[in-house]
>>> print(open('upload17.pdb').read())   # PDB, C-alpha atoms
MODEL        1
ATOM      1  CA  MET B   8     138.955  43.110  26.380  1.00  0.00           C
ATOM      2  CA  LEU B   9     141.411  41.864  28.987  1.00  0.00           C
ATOM      3  CA  MET B  10     143.085  45.271  29.288  1.00  0.00           C
ATOM      4  CA  SER B  11     139.689  46.896  29.819  1.00  0.00           C
ATOM      5  CA  ARG B  12     139.117  44.606  32.775  1.00  0.00           C
ATOM      6  CA  VAL B  13     142.611  45.227  34.155  1.00  0.00           C
ATOM      7  CA  LEU B  14     142.114  48.994  33.937  1.00  0.00           C
ATOM      8  CA  LEU B  15     138.683  48.724  35.529  1.00  0.00           C
ATOM      9  CA  ILE B  16     140.130  46.683  38.413  1.00  0.00           C
ATOM     10  CA  LEU B  17     142.955  49.209  38.900  1.00  0.00           C
ATOM     11  CA  LEU B  18     140.473  52.085  38.941  1.00  0.00           C
ATOM     12  CA  ALA B  19     138.251  50.278  41.448  1.00  0.00           C
ATOM     13  CA  LEU B  20     141.234  49.512  43.685  1.00  0.00           C
ATOM     14  CA  ALA B  21     142.366  53.137  43.564  1.00  0.00           C
ATOM     15  CA  LEU B  22     138.887  54.303  44.581  1.00  0.00           C
ATOM     16  CA  VAL B  23     138.583  51.723  47.358  1.00  0.00           C
ATOM     17  CA  PHE B  24     141.998  52.512  48.830  1.00  0.00           C
ATOM     18  CA  GLY B  25     141.374  56.235  48.398  1.00  0.00           C
ATOM     19  CA  LEU B  26     138.170  55.903  50.426  1.00  0.00           C
ATOM     20  CA  LEU B  27     139.796  53.673  53.070  1.00  0.00           C
ATOM     21  CA  THR B  28     142.765  56.000  53.594  1.00  0.00           C
ATOM     22  CA  GLY B  29     140.750  59.217  53.359  1.00  0.00           C
ATOM     23  CA  ARG B  30     142.595  60.348  50.236  1.00  0.00           C
ATOM     24  CA  ILE B  31     139.754  60.204  47.728  1.00  0.00           C
ATOM     25  CA  SER B  32     140.306  63.864  46.774  1.00  0.00           C
ATOM     26  CA  GLN B  33     143.935  63.079  45.881  1.00  0.00           C
ATOM     27  CA  VAL B  34     142.797  60.097  43.817  1.00  0.00           C
ATOM     28  CA  SER B  35     140.337  62.263  41.890  1.00  0.00           C
ATOM     29  CA  GLN B  36     142.987  64.968  41.355  1.00  0.00           C
ATOM     30  CA  ALA B  37     145.479  62.381  40.115  1.00  0.00           C
ATOM     31  CA  THR B  38     142.847  60.957  37.755  1.00  0.00           C
ATOM     32  CA  LEU B  39     142.097  64.352  36.219  1.00  0.00           C
ATOM     33  CA  SER B  40     145.765  65.318  36.059  1.00  0.00           C
ATOM     34  CA  GLY B  41     146.682  62.014  34.380  1.00  0.00           C
ATOM     35  CA  ALA B  42     143.912  62.408  31.829  1.00  0.00           C
ATOM     36  CA  GLN B  43     145.069  65.943  31.017  1.00  0.00           C
ATOM     37  CA  GLN B  44     148.682  64.815  30.605  1.00  0.00           C
ATOM     38  CA  ALA B  45     147.595  61.942  28.359  1.00  0.00           C
ATOM     39  CA  VAL B  46     145.666  64.313  26.071  1.00  0.00           C
ATOM     40  CA  GLU B  47     148.593  66.755  25.905  1.00  0.00           C
ATOM     41  CA  LEU B  48     150.994  63.956  25.028  1.00  0.00           C
ATOM     42  CA  LEU B  49     148.619  62.597  22.403  1.00  0.00           C
ATOM     43  CA  LEU B  50     148.293  66.003  20.736  1.00  0.00           C
ATOM     44  CA  SER B  51     152.054  66.540  20.680  1.00  0.00           C
ATOM     45  CA  ILE B  52     152.646  63.137  19.071  1.00  0.00           C
ATOM     46  CA  ALA B  53     149.749  63.534  16.627  1.00  0.00           C
ATOM     47  CA  GLY B  54     151.430  66.439  14.843  1.00  0.00           C
ATOM     48  CA  ALA B  55     154.567  64.457  14.043  1.00  0.00           C
ATOM     49  CA  LEU B  56     152.582  61.384  13.012  1.00  0.00           C
ATOM     50  CA  CYS B  57     150.290  63.407  10.761  1.00  0.00           C
ATOM     51  CA  PHE B  58     153.288  65.023   9.061  1.00  0.00           C
ATOM     52  CA  TRP B  59     155.113  61.744   8.377  1.00  0.00           C
ATOM     53  CA  SER B  60     151.915  59.913   7.392  1.00  0.00           C
ATOM     54  CA  GLY B  61     151.150  62.732   4.961  1.00  0.00           C
ATOM     55  CA  LEU B  62     154.666  62.483   3.594  1.00  0.00           C
ATOM     56  CA  MET B  63     154.167  58.757   3.032  1.00  0.00           C
ATOM     57  CA  GLU B  64     150.948  59.501   1.113  1.00  0.00           C
ATOM     58  CA  VAL B  65     152.759  62.081  -1.036  1.00  0.00           C
ATOM     59  CA  MET B  66     155.462  59.476  -1.700  1.00  0.00           C
ATOM     60  CA  ASN B  67     152.794  57.016  -2.831  1.00  0.00           C
ATOM     61  CA  ARG B  68     151.013  59.470  -5.114  1.00  0.00           C
ATOM     62  CA  SER B  69     154.196  60.881  -6.634  1.00  0.00           C
ATOM     63  CA  GLY B  70     155.595  57.460  -7.477  1.00  0.00           C
ATOM     64  CA  LEU B  71     158.535  57.853  -5.105  1.00  0.00           C
ATOM     65  CA  SER B  72     157.426  54.744  -3.215  1.00  0.00           C
ATOM     66  CA  LYS B  73     157.903  52.752  -6.441  1.00  0.00           C
ATOM     67  CA  ARG B  74     161.450  54.072  -6.682  1.00  0.00           C
ATOM     68  CA  ILE B  75     162.057  53.141  -3.058  1.00  0.00           C
ATOM     69  CA  ALA B  76     160.620  49.719  -3.835  1.00  0.00           C
ATOM     70  CA  ALA B  77     163.177  49.383  -6.636  1.00  0.00           C
ATOM     71  CA  LEU B  78     165.982  50.317  -4.214  1.00  0.00           C
ATOM     72  CA  LEU B  79     164.717  47.904  -1.570  1.00  0.00           C
ATOM     73  CA  ARG B  80     164.008  45.132  -4.091  1.00  0.00           C
ATOM     74  CA  PRO B  81     167.339  43.307  -3.565  1.00  0.00           C
ATOM     75  CA  LEU B  82     166.768  43.303   0.200  1.00  0.00           C
ATOM     76  CA  ILE B  83     163.146  42.212  -0.199  1.00  0.00           C
ATOM     77  CA  LEU B  84     164.209  39.395  -2.548  1.00  0.00           C
ATOM     78  CA  LEU B  85     166.910  38.312  -0.110  1.00  0.00           C
ATOM     79  CA  LEU B  86     164.515  38.243   2.842  1.00  0.00           C
ATOM     80  CA  PHE B  87     161.282  37.077   1.204  1.00  0.00           C
ATOM     81  CA  GLY B  88     162.557  34.983  -1.714  1.00  0.00           C
ATOM     82  CA  ARG B  89     159.982  34.278  -4.403  1.00  0.00           C
ATOM     83  CA  ASP B  90     157.294  36.193  -2.513  1.00  0.00           C
ATOM     84  CA  GLY B  91     159.439  39.307  -2.986  1.00  0.00           C
ATOM     85  CA  ARG B  92     159.128  38.934  -6.767  1.00  0.00           C
ATOM     86  CA  ASP B  93     155.387  39.661  -6.596  1.00  0.00           C
ATOM     87  CA  SER B  94     154.979  43.360  -7.478  1.00  0.00           C
ATOM     88  CA  GLU B  95     152.018  43.915  -5.149  1.00  0.00           C
ATOM     89  CA  ALA B  96     153.799  42.318  -2.190  1.00  0.00           C
ATOM     90  CA  ALA B  97     157.086  44.119  -2.969  1.00  0.00           C
ATOM     91  CA  SER B  98     155.343  47.509  -3.145  1.00  0.00           C
ATOM     92  CA  ALA B  99     153.559  47.026   0.178  1.00  0.00           C
ATOM     93  CA  LEU B 100     156.714  45.637   1.806  1.00  0.00           C
ATOM     94  CA  SER B 101     158.796  48.604   0.642  1.00  0.00           C
ATOM     95  CA  GLN B 102     156.228  51.115   1.926  1.00  0.00           C
ATOM     96  CA  ASN B 103     156.126  49.287   5.243  1.00  0.00           C
ATOM     97  CA  MET B 104     159.917  49.190   5.507  1.00  0.00           C
ATOM     98  CA  ALA B 105     160.238  52.875   4.608  1.00  0.00           C
ATOM     99  CA  ALA B 106     157.739  53.888   7.282  1.00  0.00           C
ATOM    100  CA  ASN B 107     159.513  51.715   9.842  1.00  0.00           C
ATOM    101  CA  LEU B 108     162.891  53.230   8.915  1.00  0.00           C
ATOM    102  CA  LEU B 109     161.371  56.628   9.738  1.00  0.00           C
ATOM    103  CA  GLY B 110     160.119  55.288  13.076  1.00  0.00           C
ATOM    104  CA  LEU B 111     156.457  55.583  12.101  1.00  0.00           C
ATOM    105  CA  GLY B 112     154.922  52.371  13.367  1.00  0.00           C
ATOM    106  CA  SER B 113     151.351  53.572  12.890  1.00  0.00           C
ATOM    107  CA  ALA B 114     152.044  54.848   9.371  1.00  0.00           C
ATOM    108  CA  ALA B 115     153.617  51.482   8.543  1.00  0.00           C
ATOM    109  CA  THR B 116     150.514  49.571   9.605  1.00  0.00           C
ATOM    110  CA  PRO B 117     148.346  49.948   6.455  1.00  0.00           C
ATOM    111  CA  ALA B 118     151.183  48.879   4.146  1.00  0.00           C
ATOM    112  CA  GLY B 119     152.076  46.071   6.551  1.00  0.00           C
ATOM    113  CA  LEU B 120     148.514  44.783   6.489  1.00  0.00           C
ATOM    114  CA  ARG B 121     148.454  44.882   2.674  1.00  0.00           C
ATOM    115  CA  ALA B 122     151.796  43.058   2.561  1.00  0.00           C
ATOM    116  CA  ALA B 123     150.655  40.437   5.081  1.00  0.00           C
ATOM    117  CA  ALA B 124     147.434  39.798   3.142  1.00  0.00           C
ATOM    118  CA  ARG B 125     149.315  39.414  -0.135  1.00  0.00           C
ATOM    119  CA  LEU B 126     152.015  37.181   1.395  1.00  0.00           C
ATOM    120  CA  HIS B 127     149.310  35.013   2.967  1.00  0.00           C
ATOM    121  CA  THR B 128     147.467  34.720  -0.351  1.00  0.00           C
ATOM    122  CA  LEU B 129     150.675  33.723  -2.138  1.00  0.00           C
ATOM    123  CA  ALA B 130     151.455  31.066   0.490  1.00  0.00           C
ATOM    124  CA  GLN B 131     147.891  29.715   0.373  1.00  0.00           C
ATOM    125  CA  GLY B 132     148.117  29.447  -3.406  1.00  0.00           C
ATOM    126  CA  ARG B 133     151.138  27.192  -2.993  1.00  0.00           C
ATOM    127  CA  GLY B 134     149.625  25.280  -0.073  1.00  0.00           C
ATOM    128  CA  GLU B 135     152.437  26.318   2.275  1.00  0.00           C
ATOM    129  CA  PRO B 136     152.557  27.939   5.704  1.00  0.00           C
ATOM    130  CA  PRO B 137     152.782  31.743   5.443  1.00  0.00           C
ATOM    131  CA  HIS B 138     156.473  32.052   6.426  1.00  0.00           C
ATOM    132  CA  GLY B 139     156.646  35.458   4.710  1.00  0.00           C
ATOM    133  CA  VAL B 140     153.944  36.774   7.037  1.00  0.00           C
ATOM    134  CA  PHE B 141     155.848  35.488  10.056  1.00  0.00           C
ATOM    135  CA  LEU B 142     159.031  37.217   8.849  1.00  0.00           C
ATOM    136  CA  LEU B 143     157.101  40.435   8.223  1.00  0.00           C
ATOM    137  CA  ILE B 144     155.758  40.333  11.776  1.00  0.00           C
ATOM    138  CA  VAL B 145     159.295  39.856  13.095  1.00  0.00           C
ATOM    139  CA  LEU B 146     160.592  42.764  10.991  1.00  0.00           C
ATOM    140  CA  ASN B 147     157.772  45.029  12.152  1.00  0.00           C
ATOM    141  CA  THR B 148     158.297  44.083  15.772  1.00  0.00           C
ATOM    142  CA  ALA B 149     162.079  44.551  15.681  1.00  0.00           C
ATOM    143  CA  SER B 150     161.847  47.504  13.267  1.00  0.00           C
ATOM    144  CA  LEU B 151     165.186  48.945  12.157  1.00  0.00           C
ATOM    145  CA  GLN B 152     164.826  52.691  12.645  1.00  0.00           C
ATOM    146  CA  LEU B 153     166.979  55.438  11.159  1.00  0.00           C
ATOM    147  CA  PHE B 154     164.853  58.212  12.636  1.00  0.00           C
ATOM    148  CA  PRO B 155     162.794  57.271  15.711  1.00  0.00           C
ATOM    149  CA  THR B 156     160.233  59.971  14.987  1.00  0.00           C
ATOM    150  CA  THR B 157     157.575  58.888  17.467  1.00  0.00           C
ATOM    151  CA  VAL B 158     160.056  58.465  20.317  1.00  0.00           C
ATOM    152  CA  ALA B 159     161.621  61.839  19.525  1.00  0.00           C
ATOM    153  CA  ALA B 160     158.176  63.473  19.542  1.00  0.00           C
ATOM    154  CA  VAL B 161     157.456  61.978  22.968  1.00  0.00           C
ATOM    155  CA  ARG B 162     160.863  63.124  24.254  1.00  0.00           C
ATOM    156  CA  ALA B 163     160.268  66.642  22.896  1.00  0.00           C
ATOM    157  CA  ALA B 164     156.814  66.753  24.489  1.00  0.00           C
ATOM    158  CA  CYS B 165     158.366  65.761  27.813  1.00  0.00           C
ATOM    159  CA  GLY B 166     160.880  68.612  27.582  1.00  0.00           C
ATOM    160  CA  ALA B 167     164.010  66.938  26.206  1.00  0.00           C
ATOM    161  CA  SER B 168     166.405  69.631  24.963  1.00  0.00           C
ATOM    162  CA  SER B 169     167.803  67.305  22.286  1.00  0.00           C
ATOM    163  CA  PRO B 170     165.189  64.657  21.453  1.00  0.00           C
ATOM    164  CA  TYR B 171     167.334  62.966  18.795  1.00  0.00           C
ATOM    165  CA  ASP B 172     170.441  62.455  20.956  1.00  0.00           C
ATOM    166  CA  ILE B 173     169.381  58.825  21.350  1.00  0.00           C
ATOM    167  CA  LEU B 174     170.099  58.005  17.682  1.00  0.00           C
ATOM    168  CA  PRO B 175     173.280  55.920  18.174  1.00  0.00           C
ATOM    169  CA  ALA B 176     171.615  53.776  20.831  1.00  0.00           C
ATOM    170  CA  VAL B 177     168.492  53.354  18.685  1.00  0.00           C
ATOM    171  CA  TRP B 178     170.560  52.395  15.624  1.00  0.00           C
ATOM    172  CA  LEU B 179     172.591  49.826  17.541  1.00  0.00           C
ATOM    173  CA  SER B 180     169.706  48.257  19.445  1.00  0.00           C
ATOM    174  CA  SER B 181     167.361  48.130  16.460  1.00  0.00           C
ATOM    175  CA  ALA B 182     170.078  46.644  14.206  1.00  0.00           C
ATOM    176  CA  ILE B 183     170.787  43.929  16.770  1.00  0.00           C
ATOM    177  CA  SER B 184     167.084  43.191  17.270  1.00  0.00           C
ATOM    178  CA  VAL B 185     166.412  42.987  13.516  1.00  0.00           C
ATOM    179  CA  ALA B 186     169.408  40.714  12.907  1.00  0.00           C
ATOM    180  CA  THR B 187     168.396  38.466  15.803  1.00  0.00           C
ATOM    181  CA  GLY B 188     164.777  38.374  14.643  1.00  0.00           C
ATOM    182  CA  ILE B 189     165.692  37.498  11.056  1.00  0.00           C
ATOM    183  CA  PHE B 190     168.079  34.791  12.247  1.00  0.00           C
ATOM    184  CA  ALA B 191     165.408  33.296  14.530  1.00  0.00           C
ATOM    185  CA  ALA B 192     162.711  33.433  11.826  1.00  0.00           C
ATOM    186  CA  LYS B 193     164.958  31.742   9.267  1.00  0.00           C
ATOM    187  CA  LEU B 194     166.064  29.121  11.831  1.00  0.00           C
ATOM    188  CA  PHE B 195     162.492  28.279  12.844  1.00  0.00           C
ATOM    189  CA  ARG B 196     161.480  28.099   9.185  1.00  0.00           C
ATOM    190  CA  ARG B 197     164.155  25.447   8.587  1.00  0.00           C
ATOM    191  CA  LEU B 198     163.136  23.551  11.726  1.00  0.00           C
ATOM    192  CA  SER B 199     159.418  23.570  10.958  1.00  0.00           C
ATOM    193  CA  PRO B 200     157.932  20.548   9.160  1.00  0.00           C
TER     194      PRO B 200
ENDMDL
END
>>> encode(input="upload17.pdb", output="structure tokens")
Amino acid sequence: MLMSRVLLILLALALVFGLLTGRISQVSQATLSGAQQAVELLLSIAGALCFWSGLMEVMNRSGLSKRIAALLRPLILLLFGRDGRDSEAASALSQNMAANLLGLGSAATPAGLRAAARLHTLAQGRGEPPHGVFLLIVLNTASLQLFPTTVAAVRAACGASSPYDILPAVWLSSAISVATGIFAAKLFRRLSP
């Protein structure tokens, strides 16, 4: 709601200043050009997202996500403790982590929501704060990425000759952000009453 108001104010200011400076035709051209560029960018990203989201669905239906869950189980147990032992939570967490590793934030969202709901239910059943949900939010925000698919799709759409040449920087920065986020989440959990 707030962003709608901000955008409306920016549009009104652009129109007012366009009228005052006699450049209303340039404002209208920029508006149409920006809208066209936004649609082109959206379509170029949509292809990559549809492919990887479809791949995630195939992984779910083929049972591969259960195998990935088994591989990620030690990490999930280390991070989420007893909540990671719950099969429903572990499955959703592994799907979410796999999508994030592929750089597919939007494909990770459904599994993340399922994981958050299950972690919250488990915490409520014990009468505790939902620390697992907080950690999941931190992990999704920091998001360790092996293949930044969405960013690469944007770079390719903008004409980058080698859209994946950013991999070392992405690996380093996402590893540091995840480690810092996990440390902070664990520290705040110990400090909370």
>>> axis_aligned_box(input="upload17.pdb", around="region 95-102 of chain B", padding_each_side="6 Å", output="lines of an AutoDock Vina configuration file")
center_x = 155.4
center_y = 46.7
center_z = -1.6
size_x = 18.8
size_y = 20.8
size_z = 19.1
>>> resolve_selection(input="upload17.pdb", expression="the PyMOL selection byres ((chain B and resi 109) around 12)", output="VMD selection string")
chain B and resid 55 to 56 58 to 60 62 to 63 102 to 108 110 to 115 150 to 159 174 177 to 178
>>> resolve_selection(input="upload17.pdb", expression="the PyMOL selection byres ((chain B and resi 127-143) around 10)", output="VMD selection string")
chain B and resid 86 to 91 93 96 100 103 to 104 119 to 126 144 to 150 188 to 193 195 to 196 199 to 200
>>> atom_distance(input="upload17.pdb", atom1="CA of Ser40 (chain B)", atom2="CA of Val13 (chain B)")
20.4 Å
>>> resolve_selection(input="upload17.pdb", expression="the PyMOL selection byres ((chain B and resi 76) around 10)", output="list in words")
Gly70, Leu71, Ser72, Lys73, Arg74, Ile75, Ala77, Leu78, Leu79, Arg80, Pro81, Leu82, Ile83, Ser94, Ala97, Ser98, Ala99, Leu100, Ser101, Gln102, Met104 and Ala105 of chain B
>>> atom_distance(input="upload17.pdb", atom1="CA of Ile52 (chain B)", atom2="CA of Ala160 (chain B)")
5.6 Å
>>> decode(input="upload17.pdb", residues="region 111-135 of chain B", atoms="C-alpha atoms", output="JSON list (two decimals), in the first residue's frame")
[["chain", "number", "residue", "atom", "x", "y", "z"],
["B", 111, "LEU", "CA", 15.37, -19.27, -7.64],
["B", 112, "GLY", "CA", 13.90, -17.11, -4.91],
["B", 113, "SER", "CA", 10.38, -17.25, -6.31],
["B", 114, "ALA", "CA", 10.51, -21.03, -6.78],
["B", 115, "ALA", "CA", 11.71, -21.35, -3.18],
["B", 116, "THR", "CA", 8.75, -19.41, -1.82],
["B", 117, "PRO", "CA", 6.08, -22.18, -1.75],
["B", 118, "ALA", "CA", 8.40, -24.63, 0.02],
["B", 119, "GLY", "CA", 9.54, -21.85, 2.35],
["B", 120, "LEU", "CA", 5.96, -21.06, 3.29],
["B", 121, "ARG", "CA", 5.23, -24.74, 3.97],
["B", 122, "ALA", "CA", 8.39, -25.00, 6.07],
["B", 123, "ALA", "CA", 7.57, -21.82, 8.01],
["B", 124, "ALA", "CA", 4.02, -23.03, 8.73],
["B", 125, "ARG", "CA", 5.27, -26.41, 9.95],
["B", 126, "LEU", "CA", 8.07, -24.89, 12.06],
["B", 127, "HIS", "CA", 5.57, -22.47, 13.60],
["B", 128, "THR", "CA", 3.15, -25.30, 14.39],
["B", 129, "LEU", "CA", 5.93, -27.33, 16.02],
["B", 130, "ALA", "CA", 7.01, -24.35, 18.15],
["B", 131, "GLN", "CA", 3.41, -23.59, 19.16],
["B", 132, "GLY", "CA", 2.95, -27.21, 20.21],
["B", 133, "ARG", "CA", 5.86, -26.82, 22.61],
["B", 134, "GLY", "CA", 4.79, -23.35, 23.74],
["B", 135, "GLU", "CA", 8.03, -21.76, 22.51]]
